[in-house]
Each structure stands twice: as C-alpha cells, then as structure tokens.
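Step one of this worksheet: look at the structure below.
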Amino acid sequence: MLGWLALAVAVGALVVGLFGLRNDNSGSSAAGSEGGGGGPTSVSVQVSEFKFTPNSFSIPTEGATIKITNIGTAAHNLSIPQLGLKSADVAPGTSGELKVGKNAAGVYEIRCEIPGHADSGMTGTISVGGSSSEGAAAAASTDTGSHAAVNGALMTPAQNAQMDATMLAVAQAYPAKTEGLGGKVLEPKIETINGKQTKVYDIEAKIVDWEVSPGKKVKAWTYNGVVPGPELDWQKGDHVLVNFKNSLPQSTSVHFHGIRVPNQMDGVDPYTQPPVEPGQVFKYEFDVIEDGNGIYHSHHNAQEQIPNGMFGAILVGEMPIPDMLKSMGYTKVDKKVTMVLNDAGVIGLSLNGKSFPATEPYTLRVGQVMEVTYQNEGLMGHPMHMHQPMGWIIAKDGKPLPSPIPGDTIWVAPGERYTVLYKGTDIGVWAWHCHILNHAEGPNGMFGMVTALIVER
Ligand SMILES: [Cu+2]
C-alpha cells in the first residue's frame with residue numbers, strides 16, 4: 001500500500017515536471033481528477049512578509065491546486081479577487097491550498113487579504129493558460145524584487161554589476177528627503193480646570209497624504225497629520241487633558257498603552273466608553289501617577305488603524321541610569337530617541353513612519369550617550385540590531401530593570417517598549433536595522449527597517 005502511494009506521488013511529480021517542460025496547456029488525464037475545483041496540476045507558492053514567491057506564475061485553463069507554504073512569521077492567505085477565490089489563512093510554518101477550477105485564459109491579480117499585507121506589497125499575478133515555464137523560472141529565484149527574474153546561482157557578471165549598481169544608488173540616496181516628520185514633542189497649553197493646573201493637548205485623528213519613502217505616498221491614518229503622532233512628555237503628578245477629535249471616516253478611541261489611568265479613560269470602546277464617532281470629540285482627562293513610558297494608539301479596528309499610522313509615544317519622567325553603567329562612563333543622557341517600529345498597513349516596514357532610505361540618521365560624538373526607547377506598533381516582533389556600539393537595556397515597558405542587560409540585537413514584540421543606552425565608542429557609520437532580513441535588505445539593496453548611527457570624534 002505504502003509503495004503504491006509512493007509511486008502515485010512520484011507519477012504526480014513527474015506529470016508536474018513534464019508539464020513545466022512541455023510548456024503547453026493540454027494537461028493530462030493521467031493524474032486523475034481531484035474531484036474538487038482544482039485540476040491535476042499543482043503549483044507551489046511560498047508566502048512570507050510581504051510577498052509571494054514566485055509572485056507571478058501560471059496554471060492551465062482547466063485549473064490547478066495552488067499549494068501555499070508559509071515561511072514567514074505572520075499568517076497569510078492567497079486570494080484571486082477576480083475569480084472570487086480565497087484560501088484559508090495559513091499560519092506561519094504550515095501549508096494550505098487553494099483549488100482553482102476551469103477558468104478563461106487571462107492574467108489575474110493575486111493578493112493576501114490580511115489587512116495591510118497587500119498594501120505592503122503582497123500582491124502578484126496568476127496567468128491562466130499562460131506559459132508555465134515562466135512560473136518555474138520564477139520559483140527558482142529567491143526574491144521578488146526587480147532582480148527576481150535572475151536566479152542568484154545563474155547570475156552573469158553583467159547582472160551582478162547591475163545589482164551592485166542598484167544597491168549603491170539606494171545606499172547613496174540615504175538619508176533621502178521626504179515630506180513630513182512625525183514624533184516631535186507637542187507642547188501643551190496650560191489651563192486651570194476644576195482648580196487644577198492642567199496640560200491640555202488638542203489631538204485630531206485624520207487621514208493625510210504621507211510620504212513613507214521617496215515616491216511612496218500613502219493615505220496615512222494619523223494623529224495631527226504626522227506618523228508617529230506627536231510625542232507627549234509628562235511628569236509624575238501632571239494633570240492632563242487630551243481633547244481628542246475624530247475626523248476619520250470610521251469611529252475610533254484612544255488607548256494610553258502602558259500608562260496607569262482610571263478605567264473609564266482606558267479608551268477601549270465599547271467597554272470603557274462609547275466609540276468616538278466621526279466628527280465627535282472625547283475628552284481624556286487624568287492624573288499622571290507613575291513614571292515610565294507608553295504609547296497612545298487606537299483601540300478600535302486596531303489591526304488596520306494602528307499600522308496605518310495611529311500611534312504616538314508618551315514619556316513620563318526620566319529613566320534612571322543604573323549605577324553599574326555610571327561606573328562605565330554612562331554618566332548622563334546626551335540624546336533621547338524614540339523609535340516606533342511598524343510593519344503593516346499603508347505604511348509598511350518602517351522606523352518612525354519612514355522606510356529606508358528616508359529613515360532618520362542619528363549622530364553621537366565619542367563618549368556621548370543616547371537613550372533609545374523602542375516601541376513596536378506593528379503586527380510582528382522585530383529584533384533591532386545596532387552594529388556598534390553594544391546597547392544596554394535599562395528598562396522594559398517603562399519600568400527600570402533590576403540590573404541592565406547587554407543587547408546588540410533586541411527582540412521587540414508588538415506592544416513592548418525597551419529603553420536602551422548606547423554610548424558612542426568607535427568612529428564610523430554603523431548600520432542599525434531589524435535583523436529579520438526580509439525587513440531590511442534584499443536584491444535591490446537596503447529597504448524598510450534600516451537606519452544608521454554616525455559616531456564622530
Ligand atoms: Cu522586522
């Protein structure tokens with residue numbers, strides 16, 4: 001029985017192989033019918049963040065089974081909207097399939113329907129009745145960038161030179177100028193409310209054109225028109241009032257993630273408040289009772305609203321420098337940086353709302369200390385890697401650690417915050433990036449979650 005099964009599998013593989021070589025669409029009845037929508041042909045597609053590999057392939061008009069293997073870190077699916085077909089969600093490390101029945105010849109779009117994924121580039125084409133050798137060639141490639149048609153192992157010297165030239169051009173474009181810069185500190189108005197001196201902030205949620213990187217303009221969902229939203233700097237003991245206006249086409253609410261507030265100010269509609277409908281205003285008012293840091297973000301259709309840009313940092317007080325680091329020369333903080341990570345929605349892979357080469361470079365003199373607070377508002381974890389200097393994690397989620405932990409690569413899960421001290425040590429331009437490599441560097445050079453620290457004399 002087992003032998004027979006193995007033979008059947010081998011014959012099936014042979015038929016698929018022949019099909020690819022013959023490059024015609026006559027199909028074969030030898031493999032039999034699967035009874036469902038799919039024809040005898042099977043095509044394999046890998047899914048990961050945020051692409052299909054290959055992102056262009058062919059099936060015969062009589063149909064096929066598309067085998068979908070998820071080699072990424074988030075769930076994905078494959079849909080063919082024009083044919084009304086969609087696979088189930090495929091979890092990371094697992095496989096699924098989509099059976100495609102008989103269809104008219106043509107080229108149809110494929111996309112991942114998980115919100116934000118198609119916007120981040122997870123689209124492609126399926127050619128029904130097209131050349132299948134083209135699909136086989138693409139499958140041998142390791143990436144879907146513009147060099148994807150070239151199999152790395154078969155690259156000619158000329159193609160390699162072209163690849164180097166493309167990478168150099170991207171690298172030289174850094175730091176690229178783009179319109180808009182988010183995350184700047186918002187100064188409050190000081191008013192007396194109910195006898196209390198109050199820091200008052202006007203924050204409006206609205207959709208604006210946002211330039212993520214040169215030429216990539218998207219409709220971002222923002223606080224006050226910038227990504228990240230303005231940073232709010234508070235002190236323990238402050239009384240704050242956020243006059244929040246919703247100018248979005250959707251209801252929303254504001255959650256103060258990591259900040260201790262009364263329950264009715266927690267921004268989780270419909271539990272702690274009604275949704276703030278388009279055009280409405282909601283007043284968030286509370287005392288700041290603990291030091292730390294946090295992030296304000298939407299808590300309404302969050303999987304779309306947050307990655308599309310609705311997040312901003314909150315810093316409360318100063319993070320103490322541990323004695324152990326003081327004795328190592330980390331005597332004061334010369335520069336504070338908040339770095340918000342994102343990977344989805346219309347913004348996609350980004351640091352503070354910008355993608356390489358439009359990310360911001362940071363500069364330190366030898367001996368100076370930079371305090372970085374990483375905050376992850378994306379849909380997956382990101383191991384943030386600073387080439388040099390070594391970082392020291394001094395706080396997690398706004399609370400000081402009992403003793404600092406070294407980290408040149410720091411895994412920041414969605415919702416987490418890490419406060420890290422870096423001291424300028426060796427002169428140079430040091431790469432600083434997410435170490436999930438398909439978030440940072442591909443056949444067209446660096447992209448996405450990459451920036452640099454420049455250490456000067
Ligand atoms: Cu990443």
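Going by the structure tokens order, chains are called A, B, ..., each with residues numbered from 1, while ligands are numbered from 1 in the order shown.
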
Which residues of chain A come within 7 Å of ligand 1, and what is each one's closest atom pair and distance in Å (one decimal), counting only C-alpha atoms and all ligand atoms, sorted by chain and residue number, as a Markdown table?
```
| residue | atom | partner | partner_atom_place_in_ligand_line | distance |
| --- | --- | --- | --- | --- |
| A:Gly381 | CA | ligand 1 | 1 (Cu) | 6.4 |
| A:His382 | CA | ligand 1 | 1 (Cu) | 3.9 |
| A:Pro383 | CA | ligand 1 | 1 (Cu) | 6.3 |
| A:Cys434 | CA | ligand 1 | 1 (Cu) | 4.7 |
| A:His435 | CA | ligand 1 | 1 (Cu) | 6.3 |
| A:Ile436 | CA | ligand 1 | 1 (Cu) | 4.8 |
| A:His439 | CA | ligand 1 | 1 (Cu) | 4.9 |
| A:Met449 | CA | ligand 1 | 1 (Cu) | 6.6 |
```

Could those selected residues go to a file with N, CA and C atoms, as a PDB file, in the first residue's frame?
```
ATOM      1  N   GLY A 381       7.072  40.711  15.757  1.00  0.00           N
ATOM      2  CA  GLY A 381       8.249  41.128  16.510  1.00  0.00           C
ATOM      3  C   GLY A 381       9.385  41.539  15.582  1.00  0.00           C
ATOM      4  N   HIS A 382      10.250  42.403  16.075  1.00  0.00           N
ATOM      5  CA  HIS A 382      11.408  42.846  15.295  1.00  0.00           C
ATOM      6  C   HIS A 382      12.659  42.836  16.162  1.00  0.00           C
ATOM      7  N   PRO A 383      13.690  42.067  15.782  1.00  0.00           N
ATOM      8  CA  PRO A 383      14.958  42.079  16.519  1.00  0.00           C
ATOM      9  C   PRO A 383      15.818  43.245  16.023  1.00  0.00           C
ATOM     10  N   CYS A 434      16.447  46.190  11.654  1.00  0.00           N
ATOM     11  CA  CYS A 434      15.777  44.963  12.067  1.00  0.00           C
ATOM     12  C   CYS A 434      16.535  43.798  11.452  1.00  0.00           C
ATOM     13  N   HIS A 435      16.761  42.740  12.262  1.00  0.00           N
ATOM     14  CA  HIS A 435      17.538  41.612  11.751  1.00  0.00           C
ATOM     15  C   HIS A 435      16.677  40.494  11.175  1.00  0.00           C
ATOM     16  N   ILE A 436      15.370  40.703  11.005  1.00  0.00           N
ATOM     17  CA  ILE A 436      14.617  39.801  10.136  1.00  0.00           C
ATOM     18  C   ILE A 436      14.960  40.308   8.739  1.00  0.00           C
ATOM     19  N   HIS A 439      13.059  42.234   6.217  1.00  0.00           N
ATOM     20  CA  HIS A 439      12.557  43.550   6.626  1.00  0.00           C
ATOM     21  C   HIS A 439      13.609  44.622   6.360  1.00  0.00           C
ATOM     22  N   MET A 449      13.255  48.626   7.387  1.00  0.00           N
ATOM     23  CA  MET A 449      13.609  48.963   8.771  1.00  0.00           C
ATOM     24  C   MET A 449      15.118  49.095   8.953  1.00  0.00           C
TER      25      MET A 449
END
```

- Write down as a PyMOL selection string the residues belonging to stretch 249-435 of chain A that are assigned strand (DSSP E) by DSSP computed on the backbone. chain A and resi 254-257+281-287+292-298+311-316+335-344+348-351+362-365+369-376+382-386+391-396+399-407+409-412+417-423+428-434

Would you give me, as a PyMOL selection string, the residues in stretch 217-420 of chain A that DSSP reads as alpha helix (DSSP H)?
chain A and resi 302-305+323-326

Just N, CA and C atoms for this one: save the residues we selected as an mmCIF file, in the first residue's frame.
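Writing the result to again_36.cif gives the following:
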```cif
data_model
loop_
_atom_site.group_PDB
_atom_site.id
_atom_site.type_symbol
_atom_site.label_atom_id
_atom_site.label_comp_id
_atom_site.auth_asym_id
_atom_site.auth_seq_id
_atom_site.Cartn_x
_atom_site.Cartn_y
_atom_site.Cartn_z
ATOM 1 N N ALA A 302 -8.255 48.079 15.516
ATOM 2 C CA ALA A 302 -6.831 48.398 15.724
ATOM 3 C C ALA A 302 -5.931 47.781 14.664
ATOM 4 N N GLN A 303 -6.269 46.588 14.179
ATOM 5 C CA GLN A 303 -5.349 45.930 13.241
ATOM 6 C C GLN A 303 -5.195 46.729 11.952
ATOM 7 N N GLU A 304 -6.144 47.593 11.649
ATOM 8 C CA GLU A 304 -5.980 48.471 10.487
ATOM 9 C C GLU A 304 -5.560 49.871 10.910
ATOM 10 N N GLN A 305 -6.240 50.415 11.940
ATOM 11 C CA GLN A 305 -5.998 51.826 12.278
ATOM 12 C C GLN A 305 -4.578 52.061 12.790
ATOM 13 N N ASP A 323 23.603 52.281 38.393
ATOM 14 C CA ASP A 323 24.939 52.562 38.950
ATOM 15 C C ASP A 323 26.035 51.831 38.178
ATOM 16 N N MET A 324 25.754 50.580 37.804
ATOM 17 C CA MET A 324 26.759 49.792 37.093
ATOM 18 C C MET A 324 27.188 50.501 35.801
ATOM 19 N N LEU A 325 26.239 51.113 35.105
ATOM 20 C CA LEU A 325 26.595 51.803 33.858
ATOM 21 C C LEU A 325 27.255 53.145 34.132
ATOM 22 N N LYS A 326 26.868 53.787 35.242
ATOM 23 C CA LYS A 326 27.521 55.064 35.596
ATOM 24 C C LYS A 326 29.015 54.830 35.737
#
```

List as a PyMOL selection string the protein and nucleic acid residues near stretch 273-275 of chain A, meaning an atom at most 7 Å away when only C-alpha atoms are counted, but skip any in the same chain fewer than 4 places from it.
chain A and resi 251-253+264+267-269

Counting only C-alpha atoms, the residue among A:Met380, A:Val340, A:Ala74, A:Val369 that lies closest to A:Tyr418 is A:Val340

Practice prompt. Fewer than 4 positions away in the same chain doesn't count, so skip those; otherwise give me all residues within 9 Å of A:Ser247, counting only C-alpha atoms, as a PyMOL selection string.
Written response: chain A and resi 204-207+277-280

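Counting only C-alpha atoms, the residue from A:Gln375, A:Ser327, A:Asn301, A:Ser44 that sits nearest to A:Gln250 is A:Asn301.
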
Subject >> Residue with smallest distance to A:Ala440 - pool A:Leu349, A:Ile427, A:Met390, A:Val208, counting only C-alpha atoms >> reply: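 Looking only at the distances to A:Ala440, the closest residue turns out to be A:Leu349.
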
>> Would you pick out the contacts of A:Gly367 at 10 Å or less, using only C-alpha atoms, so that residues sharing its chain but fewer than 5 positions from it are not included, and give the list as a ChimeraX atom specification?
In response: /A:329-331,334,422-426,455-457
